[in-house]
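See structure below.
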Amino acid sequence: MSSTDAGQLDTAMKRPPRLLKNLAAKFAAVPMVLIALVIFVGCTIWTIYHSFTRSRLLPAPEKWVGLENYERLWSESRWLISIENLAIYGFFSLILSLSIGFILAALLDRKIRFENTIRTIILYPFALSFVVTGLAWQWILNPQLGLQNVVRNWGWETFTFDPLNNAEIVIYGILIAGIWQGSGFVMVLLLAGMRGIDEDIWKASRVEGIPAWKTYIFIVMPMMRPVFVTAIVIIASGIIKVYDLVVAQTSGGPGIASEVPAKYVIEKMFFSQNLGLGFAASTMMLLSVLIVLIPWAYLEFGGKKNG
Amino acid sequence: MTDQKFSVSVKNLDLRFGSLRVLKDLNLDIHEGEFLVLLGSSGCGKSTLLNCIAGLLDITDGQIFIKGKNVTWAEPSERGIGMVFQSYALYPQMTVEGNMSFGLKNARLPKAEIKERVDRAAEVLQIEPLMKRKPAALSGGQRQRVAIGRALVRDVDVFLFDEPLSNLDAKLRADLRVELKQLHQRIKNTMIYVTHDQVEAMTLADRIAIMKDGLIQQLATPEEIYNRPSNLYVADFIGSPAMNLFKGEIANNTFSLDGLSLSLDGYDFAAPFTGTAWLGIRPEHVAIGENAAAADVQMDVTAEVVDPLGSDTLVLAHVAGERFWLRISGQADTKQGDQIRIGFSARDVSLFDAATEARL
């Protein structure tokens with residue numbers, strides 16, 4: 001009897017349909033969902049599709065050329081130099097801004113005086129746009145105006161430091177500006193992570209006689225893994241889209257020595273009127289972003305199921 | 001040099017944070033193998049004192065000796081101490097074994113020695129099955145056991161505990177408290193233990209130091225502190241419910257207040273006293289029913305609130321216009337509104353000078 005009673009009770013009080021639950025929240029999410037679908041997914045697919053066509057200034061979906069654009073892309077020395085530059089810039093930028101940021105954060109973490117002032121000063125470059133940073137460093141690295149001239153005026157007549165005029169090392173000149181701008185932000189991020197670490201951990205390691213640098217490397221850094229993942233993703237996305245810094249500092253020169261992929265894409269699309277080739281290059285960039293993103297997503301979301 | 005027989009000696013310790021004086025000219029001698037508990041409410045300076053002994057805080061003035069050696073300016077790791085924290089402070093990315101051996105590896109001890117020490121500590125604390133786990137996979141009690149193990153492997157003379165049981169639930173706290181006591185009985189090291197829990201203090205301590213405002217109010221055995229509190233603060237702090245206190249006049253060796261009159265012939269005065277004083281009587285020292293007949297002073301009170309705790313029952317009444325708690329047998333059939341015959345004697349009370357609050 002009791003079971004049928006319960007059954008009647010269930011039918012009497014109908015569970016509201018799932019679709020109508022939290023209706024306001026679902027309604028509010030619609031614009032964002034549309035933007036994500038149309039702009040991000042839709043336009044990406046559109047771009048990839050047109051990278052297989054011979055589109056010039058306007059999209060021409062009927063002129064299908066298969067992989068021709070990609071073959072042309074990978075045979076062009078300008079694209080190859082761009083990729084090589086991005087690899088050098090990316091590798092050193094990631095390593096250096098992380099290690100410089102971490103060291104600065106660790107130094108600020110030692111309960112020093114004027115911490116807020118110093119933190120603000122180091123973070124200031126991040127507030128500048130890349131164009132301003134690029135221009136400022138173009139002046140600093142200019143042999144006639146900047147560092148080289150200053151040192152020569154001090155009396156060291158043969159001193160030479162002109163990375164922006166030397167095709168061999170021009171990308172390192174851009175790297176300096178990139179790190180100068182980016183490491184302050186990494187520092188602030190990592191410092192916030194360090195502040196989240198229990199004071200007692202430090203006390204315990206002091207009682208055990210573990211030196212501070214060892215505590216940072218073996219105890220604090222592993223505890224800050226989520227902060228590091230965030231920092232790496234932010235740095236990596238900044239690396240792949242580097243464009244304005246190069247334009248402001250060297251415009252890709254000398255020659256094509258400091259070209260980068262983002263600059264290549266913009267110029268093919270808007271100056272050379274070769275939409276198909278530009279799209280092919282941006283598809284390659286998307287591929288490289290995915291190579292960065294997929295391991296991160298795996299670490300961040302795949303790991304939680306186990307933990 | 002200080003007396004060799006003390007394991008830890010604190011001499012004229014002063015600690016200031018700017019203009020705030022946290023510890024005031026504090027002296028404390030702790031014997032070899034003693035379990036000393038620093039007890040006090042929050043902000044009394046007990047954890048600060050422990051951090052000073054550990055060397056985690058630089059002191060303003062005074063000296064600290066451990067095993068007769070002046071360690072006032074020594075690094076924490078050079079002081080021969082092990083420390084256990086309230087938040088466990090385990091290294092989360094290392095296994096239990098890694099946590100216990102990291103400090104030893106860092107000190108470049110031989111591998112065999114490290115293994116021997118870690119195994120021995122794991123056996124003492126019964127955490128052998130957990131050695132390969134990470135702290136996140138352990139319960140609170142297990143984590144604290146690992147933290148104790150990390151202190152044990154250091155093979156030091158003095159262990160410092162900073163409220164180690166405060167993050168645990170009530171049952172686990174009681175279990176681990178007993179284990180700590182057994183651990184002390186077995187290894188017989190000097191232990192300094194900070195807590196705000198008077199049950200932990202009473203059960204674990206050889207001696208308790210009750211602190212308030214950066215000063216030690218009383219340093220004595222738990223029995224002494226319970227039976228002969230040295231001042232009004234200690235009397236009020238120790239015991240739950242707290243001691244019943246009455247403010248009255250002492251004249252001609254008799255305490256009198258509002259119709260209540262108690263001859264103090266049985267009281268062990270430090271010096272004869274006349275004037276305003278506090279009289280304190282613990283709820284459990286009040287005689288009930290026919291037992292009250294032999295007491296120096298007797299009266300009938302009405303039970304206003306009855307709190308049955310199972311093992312015993314607390315009753316709230318009023319005596320001479322003041323709230324008065326008494327503890328009766330848990331089996332007694334007392335209801336709210338019942339009349340209870342109570343009595344107490346001069347030998348069971350504590351008296352304090354109303355002006356200085358010191359014991360008479």
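How things are named: the first chain in the structure tokens is A, the next is B, and so on; residues count from 1 in each chain; ligands count from 1 in the order shown.
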
**Study point:** Distance query segment 321-329 of chain B at most 12 Å, only C-alpha atoms, self and fewer than 2 positions along chain excluded, as a ChimeraX atom specification
**Key:** /B:239-248,257-260,279-289,291,301-319,331-334,340-344

Practice item. Please determine the contact residues of chain A with respect to chain B at a cut-off of 10 Å, counting only C-alpha atoms, and supply them as an MDAnalysis selection string. Key: chainID A and resid 197:211 214:215 218:223 307

Include N, CA and C atoms and write out the residues we just selected as a PDB file, in the first residue's frame.
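So the final result, stored in selection-v9.pdb, reads:
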ATOM      1  N   ILE A 197      50.500  30.755   0.485  1.00  0.00           N
ATOM      2  CA  ILE A 197      51.116  29.593   1.132  1.00  0.00           C
ATOM      3  C   ILE A 197      51.185  29.800   2.637  1.00  0.00           C
ATOM      4  N   ASP A 198      50.747  28.788   3.351  1.00  0.00           N
ATOM      5  CA  ASP A 198      50.632  28.833   4.801  1.00  0.00           C
ATOM      6  C   ASP A 198      51.965  29.236   5.450  1.00  0.00           C
ATOM      7  N   GLU A 199      51.877  30.206   6.354  1.00  0.00           N
ATOM      8  CA  GLU A 199      53.065  30.683   7.083  1.00  0.00           C
ATOM      9  C   GLU A 199      53.755  29.534   7.820  1.00  0.00           C
ATOM     10  N   ASP A 200      52.967  28.578   8.290  1.00  0.00           N
ATOM     11  CA  ASP A 200      53.527  27.466   9.061  1.00  0.00           C
ATOM     12  C   ASP A 200      54.465  26.592   8.220  1.00  0.00           C
ATOM     13  N   ILE A 201      54.224  26.536   6.901  1.00  0.00           N
ATOM     14  CA  ILE A 201      55.126  25.774   6.031  1.00  0.00           C
ATOM     15  C   ILE A 201      56.533  26.362   6.121  1.00  0.00           C
ATOM     16  N   TRP A 202      56.580  27.693   6.101  1.00  0.00           N
ATOM     17  CA  TRP A 202      57.883  28.361   6.212  1.00  0.00           C
ATOM     18  C   TRP A 202      58.521  28.107   7.559  1.00  0.00           C
ATOM     19  N   LYS A 203      57.695  28.157   8.611  1.00  0.00           N
ATOM     20  CA  LYS A 203      58.236  27.904   9.952  1.00  0.00           C
ATOM     21  C   LYS A 203      58.785  26.488  10.037  1.00  0.00           C
ATOM     22  N   ALA A 204      58.004  25.532   9.498  1.00  0.00           N
ATOM     23  CA  ALA A 204      58.432  24.133   9.554  1.00  0.00           C
ATOM     24  C   ALA A 204      59.758  23.958   8.835  1.00  0.00           C
ATOM     25  N   SER A 205      59.909  24.592   7.675  1.00  0.00           N
ATOM     26  CA  SER A 205      61.146  24.394   6.922  1.00  0.00           C
ATOM     27  C   SER A 205      62.312  25.095   7.612  1.00  0.00           C
ATOM     28  N   ARG A 206      62.022  26.181   8.308  1.00  0.00           N
ATOM     29  CA  ARG A 206      63.102  26.845   9.055  1.00  0.00           C
ATOM     30  C   ARG A 206      63.564  25.999  10.227  1.00  0.00           C
ATOM     31  N   VAL A 207      62.595  25.394  10.931  1.00  0.00           N
ATOM     32  CA  VAL A 207      62.952  24.531  12.062  1.00  0.00           C
ATOM     33  C   VAL A 207      63.784  23.354  11.572  1.00  0.00           C
ATOM     34  N   GLU A 208      63.475  22.868  10.361  1.00  0.00           N
ATOM     35  CA  GLU A 208      64.223  21.734   9.822  1.00  0.00           C
ATOM     36  C   GLU A 208      65.547  22.151   9.193  1.00  0.00           C
ATOM     37  N   GLY A 209      65.804  23.437   9.165  1.00  0.00           N
ATOM     38  CA  GLY A 209      67.076  23.908   8.643  1.00  0.00           C
ATOM     39  C   GLY A 209      67.189  23.854   7.137  1.00  0.00           C
ATOM     40  N   ILE A 210      66.050  23.924   6.436  1.00  0.00           N
ATOM     41  CA  ILE A 210      66.099  23.901   4.971  1.00  0.00           C
ATOM     42  C   ILE A 210      66.306  25.333   4.482  1.00  0.00           C
ATOM     43  N   PRO A 211      67.340  25.571   3.677  1.00  0.00           N
ATOM     44  CA  PRO A 211      67.585  26.943   3.214  1.00  0.00           C
ATOM     45  C   PRO A 211      66.418  27.486   2.392  1.00  0.00           C
ATOM     46  N   LYS A 214      65.969  26.395  -1.237  1.00  0.00           N
ATOM     47  CA  LYS A 214      65.489  25.017  -1.383  1.00  0.00           C
ATOM     48  C   LYS A 214      64.003  24.934  -1.062  1.00  0.00           C
ATOM     49  N   THR A 215      63.568  25.697  -0.064  1.00  0.00           N
ATOM     50  CA  THR A 215      62.154  25.706   0.266  1.00  0.00           C
ATOM     51  C   THR A 215      61.341  26.200  -0.919  1.00  0.00           C
ATOM     52  N   PHE A 218      61.667  23.265  -3.836  1.00  0.00           N
ATOM     53  CA  PHE A 218      61.124  21.923  -3.602  1.00  0.00           C
ATOM     54  C   PHE A 218      59.763  21.927  -2.907  1.00  0.00           C
ATOM     55  N   ILE A 219      59.425  23.012  -2.222  1.00  0.00           N
ATOM     56  CA  ILE A 219      58.156  23.006  -1.479  1.00  0.00           C
ATOM     57  C   ILE A 219      57.182  24.037  -2.038  1.00  0.00           C
ATOM     58  N   VAL A 220      57.653  25.290  -2.157  1.00  0.00           N
ATOM     59  CA  VAL A 220      56.733  26.356  -2.559  1.00  0.00           C
ATOM     60  C   VAL A 220      56.336  26.226  -4.033  1.00  0.00           C
ATOM     61  N   MET A 221      57.325  25.991  -4.912  1.00  0.00           N
ATOM     62  CA  MET A 221      56.996  25.911  -6.342  1.00  0.00           C
ATOM     63  C   MET A 221      56.008  24.785  -6.657  1.00  0.00           C
ATOM     64  N   PRO A 222      56.206  23.583  -6.127  1.00  0.00           N
ATOM     65  CA  PRO A 222      55.202  22.546  -6.405  1.00  0.00           C
ATOM     66  C   PRO A 222      53.812  22.918  -5.890  1.00  0.00           C
ATOM     67  N   MET A 223      53.776  23.663  -4.776  1.00  0.00           N
ATOM     68  CA  MET A 223      52.468  24.053  -4.236  1.00  0.00           C
ATOM     69  C   MET A 223      51.791  25.106  -5.110  1.00  0.00           C
ATOM     70  N   GLY A 307      42.206  13.770  -8.712  1.00  0.00           N
ATOM     71  CA  GLY A 307      42.446  14.348  -7.386  1.00  0.00           C
ATOM     72  C   GLY A 307      41.148  14.500  -6.722  1.00  0.00           C
TER      73      GLY A 307
END

**Study point:** 6 Å contact set for Val96 of chain B, only C-alpha atoms, chain neighbours under 5 positions out, as a PyMOL selection string
**Key:** chain B and resi 131+133-134

Exercise for review: Could you pull out the residues in segment 239-333 of chain B that DSSP calls strand (DSSP E or B) from the backbone, as a VMD selection string?
Suggested key: chain B and resid 244 to 251 254 to 257 260 to 263 275 to 281 287 to 288 297 to 302 305 to 308 312 to 319 322 to 329

Check your understanding: Which distance in Å separates atom CA of Gly66 of chain A and atom CA of Ile81 of chain A, to one decimal?
Key ->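 Atom-to-atom, atom CA of Gly66 of chain A to atom CA of Ile81 of chain A, that is 24.3 Å.
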
Exercise for review: Find the spatial neighbours of Glu168 of chain A, counting only C-alpha atoms, within a cut-off of 12 Å - ignore same-chain residues fewer than 5 positions away - and output them as number ranges by chain.
Suggested key: A: 81, 85, 162-163, 173, 253-258

Practice item. Kindly indicate which residue among A:Phe102, A:Ile234, A:Phe159, A:Ser272 lies nearest to Met194 of chain A, using only C-alpha atoms for the distances. Key: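 The shortest atom-to-atom distance to Met194 of chain A comes from A:Phe102.
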
Review point. Quick one: residues within 10 Å of Lys24 of chain B, only C-alpha atoms counted, chain neighbours fewer than 2 positions away excluded, as number ranges by chain?
Key: B: 12-16, 21-22, 26-27, 45, 61, 213-216

Practice item. Quick one: everything within 10 Å of Leu351 of chain B, counting only C-alpha atoms, minus sequence neighbours fewer than 6 positions away in the same chain. Send it as a list in words. Key: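 Result of the neighbour search: Arg228, Pro229, Ser230, Asn231, Leu232, Ala235, Leu245, Phe246, Lys247, Ile250, Phe255, Leu264, Tyr267, Asp268, Phe269, Ala277, Trp278, Leu279, Gly280, Ile281, Glu357, Ala358, Arg359 and Leu360 of chain B.
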
Check your understanding: Nearest to Leu67 of chain A: which of A:Leu191, A:Ile122, A:Ile48, A:Val38 is it, counting only C-alpha atoms?
Key ->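 Going through A:Leu191, A:Ile122, A:Ile48, A:Val38 one by one, the smallest distance to Leu67 of chain A is for A:Ile48.
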
Exercise for review: For atom CA of Arg143 of chain B and atom CA of Thr48 of chain B, quote the distance in Å rounded to one decimal.
Suggested key: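 Calculated distance between atom CA of Arg143 of chain B and atom CA of Thr48 of chain B is 23.8 Å.
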
Check your understanding: Could you pull the residues within 10 Å of Gly149 of chain B, counting only C-alpha atoms, minus those fewer than 6 positions along the same chain, as a PyMOL selection string?
Key -> chain B and resi 82+84+96-97+99-101+117-127+143
